[in-house]
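S.K.: Before anything else, here's the structure in question.
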Amino acid sequence: MTRTVDLVIANIGWLITIDADRRVIRDAAVAVEHGKIVAVGKSVEIERQYSAQQSVDGRRTVATPGFIDCHLHSSFQLSRGLADEANAQSFLFDRMYPYEAALEGDDVRISATLAAAELLKHGVTCFIDPGNYHPEASVEGIMTTGIRAIVSRSSFDLTKSVLGILPERMIESTAVAIERAEAVLARYAKSGNPRLGASASFRGLNNASDELILGLDKLARKYGTLLQTHACFSYSTHDSSVARTGKAEIERLEALGVIDERMLIVHSGWLEPEEVAILARRKPSLVCAPSSSLHNGYGNFLFGKLPELLALGVNVAIGSDHASSGIVDMPQEVRLACCCYKETRINPRVMPPETGLEMATRNGAKAALLGDRVGAIEVGKEADIVLFDTERPEWQPLINPVSNLVYSATGDSVRDVFVAGEQVVANGRLTKIDEDKLYAEIPVAVARFGKHLKFEEMVQLRWPVS
Ligand SMILES: [Zn+2]
């Protein structure tokens, strides 16, 4: 007598569960009912016990939990090619802030839809957005795709820092910034949509007053959400903080009393010894953003302490940050996180591929405060599952699937993706939106916001275009 459930994915070549015991199961199956995993095990046993409304054949695939990208600016997806070869100061003040200030709500909607599309197609089922000035437009785009997201309204309340002057459109008074951040939390933190959440976010320390940081911390506590920020991502942000406040960035957050396990600190690549000690003591979640540091040469791998912080019990996740620095592809980010530390430490053991995959799944779920719901393929968790097509050269020979996944594959070999048991990618195509229609909207948006930007100063193509 079999029990009928909504979905069974059977005959999976290799199932990498990343469960509490880190089981890897060959010839595996997963049964799903009402969006949750009800059984995981050998295919012959699961198929004997369950029949399904939807059956998916996992032959010649490797399955993993859906990846969790803990830092992705969905409004930056239309900035590819506009921010190359710039140091931290120029990247922010000459490229990205003018780009951001030029966006209207509809541009943000299209950008966010494209971001969610690229994430899903590369196996990411949940992401954290540090926010922008049109969060409602982001939500409108993101939610059409089926992905999970934690959105924010990000804020600045100081026009000037040692690094530069912000566009006028991005500056608000402290009170207005807090009021608008609360409006987003009130609308989305408990929206009733299980795929949508909200967080409090200040974009960085150098353009945020103590009052703003404390006000957002209070909101995060009131709504039971994350408090997120960028910190210590380059020597210049570190140096700017010391010059203005006399404190390094983590020291300043510690003095304000806001660091604890609900805080998400992105980058943490430039740390003084005392800051390492603070992070080890307070245990916020940290986000390694490999392609972002590599694209702009921030030195986060040369000087970063994330392997040590992991060993000290600090939760470290991964973020692809933005399309401005190229890839939005979690398998590639995992490879960079592992390999760049090996290279800079001259030590092949410093960041094993299993650690990289934990950062992209379980650790990401914990960082998102969703550790009881997603991040592993185990009974009781929501069914966020990715199937990689192994009938491809980079997956051959398939002797150790963790090795193939981290060192050889990219997100391009993702075949199918499920979020809460719903198939949102099938054979590499999104199921819920018309991709061709989305691609047709992009040049229209670029032409619209491009009118406000000097592309000739932003684009670095050194060869003549005719
Ligand atoms: Zn960022």
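A note on labels: chains of the structure tokens are A, B, ... as shown, every chain counts residues from 1, and ligands are counted from 1 in their shown order.
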Counting only C-alpha atoms and all ligand atoms, what are the residues, protein, DNA or RNA alike, that approach ligand 1 to within 12 Å? I want them as an MDAnalysis selection string.
M.R.: chainID A and resid 69:77 88 91:92 96:97 128:132 154 201:204 228:233 264:268 287:293 318:325
S.K.: Could you name the residues that touch A:Glu249 at 9 Å or less, counting only C-alpha atoms, but leaving out those on the same chain fewer than 5 positions away, as a ChimeraX atom specification?
M.R.: /A:205-206,231-232,237-238,241-242,254,271,275
S.K.: How would the residues just chosen look if you wrote them out with N, CA, C and O atoms as a compact mmCIF listing (two decimals), in the first residue's frame?
M.R.:
```txt
# COMPACT_ATOMS: atom_id res chain seq x y z
N LEU A 205 28.91 51.67 6.78
CA LEU A 205 29.06 52.47 8.00
C LEU A 205 29.43 53.91 7.73
O LEU A 205 29.09 54.80 8.51
N ASN A 206 30.13 54.15 6.62
CA ASN A 206 30.71 55.48 6.45
C ASN A 206 29.68 56.56 6.13
O ASN A 206 29.95 57.73 6.34
N ALA A 231 30.51 45.83 5.57
CA ALA A 231 31.56 46.37 6.43
C ALA A 231 32.90 45.77 6.05
O ALA A 231 32.98 44.61 5.63
N CYS A 232 33.94 46.58 6.20
CA CYS A 232 35.32 46.10 6.05
C CYS A 232 35.55 45.45 4.70
O CYS A 232 36.19 44.41 4.62
N THR A 237 37.44 51.53 3.03
CA THR A 237 36.29 51.69 3.95
C THR A 237 36.77 51.61 5.39
O THR A 237 36.29 52.33 6.27
N HIS A 238 37.74 50.75 5.62
CA HIS A 238 38.33 50.63 6.96
C HIS A 238 39.00 51.95 7.35
O HIS A 238 38.73 52.52 8.42
N SER A 241 36.63 54.86 8.03
CA SER A 241 35.98 54.76 9.33
C SER A 241 36.90 55.24 10.45
O SER A 241 36.50 56.02 11.32
N VAL A 242 38.15 54.80 10.38
CA VAL A 242 39.11 55.21 11.43
C VAL A 242 39.31 56.73 11.37
O VAL A 242 39.35 57.41 12.40
N GLU A 254 30.46 47.41 17.61
CA GLU A 254 30.52 46.84 18.96
C GLU A 254 30.23 47.92 20.01
O GLU A 254 29.46 47.69 20.96
N LEU A 271 40.16 43.25 8.65
CA LEU A 271 39.86 43.25 10.08
C LEU A 271 41.12 43.47 10.89
O LEU A 271 42.16 42.85 10.62
N GLU A 275 39.05 43.33 16.05
CA GLU A 275 37.77 43.08 15.36
C GLU A 275 37.52 41.58 15.17
O GLU A 275 36.38 41.12 15.26
```
S.K.: Skip A:Asp107 itself and residues of its chain fewer than 4 positions away, then list as a ChimeraX atom specification all residues within 8 Å of it, counting only C-alpha atoms.
M.R.: /A:103,111,445-446,449
S.K.: Emit the selected residues as a PDB file, in the first residue's frame, including N, CA and C atoms.
M.R.:
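See part.pdb below for the written result:
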```
ATOM      1  N   LEU A 103      17.893  55.041 -11.488  1.00  0.00           N
ATOM      2  CA  LEU A 103      16.856  54.024 -11.687  1.00  0.00           C
ATOM      3  C   LEU A 103      15.486  54.513 -11.245  1.00  0.00           C
ATOM      4  N   SER A 111      15.239  44.803 -13.352  1.00  0.00           N
ATOM      5  CA  SER A 111      16.526  44.345 -12.827  1.00  0.00           C
ATOM      6  C   SER A 111      16.336  43.204 -11.832  1.00  0.00           C
ATOM      7  N   ALA A 445      14.862  49.359 -20.635  1.00  0.00           N
ATOM      8  CA  ALA A 445      15.224  49.923 -19.332  1.00  0.00           C
ATOM      9  C   ALA A 445      16.595  50.596 -19.408  1.00  0.00           C
ATOM     10  N   VAL A 446      17.557  49.942 -20.071  1.00  0.00           N
ATOM     11  CA  VAL A 446      18.913  50.509 -20.155  1.00  0.00           C
ATOM     12  C   VAL A 446      18.867  51.860 -20.881  1.00  0.00           C
ATOM     13  N   PHE A 449      17.270  54.512 -18.212  1.00  0.00           N
ATOM     14  CA  PHE A 449      18.112  55.060 -17.145  1.00  0.00           C
ATOM     15  C   PHE A 449      19.437  55.584 -17.702  1.00  0.00           C
TER      16      PHE A 449
END
```
S.K.: Smallest atom-to-atom distance to A:Pro331: which of A:Asp412, A:Glu179, A:Asp260, A:Glu85, using only C-alpha atoms?
M.R.: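 Using only C-alpha atoms, A:Pro331 sits closest to A:Asp412.
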S.K.: Looking at only C-alpha atoms, which of A:Val276, A:Lys160, A:Pro401, A:Ala101 is the one that sits closest to A:Leu306?
M.R.: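 When distances to A:Leu306 are compared using only C-alpha atoms, the smallest one comes from A:Val276.
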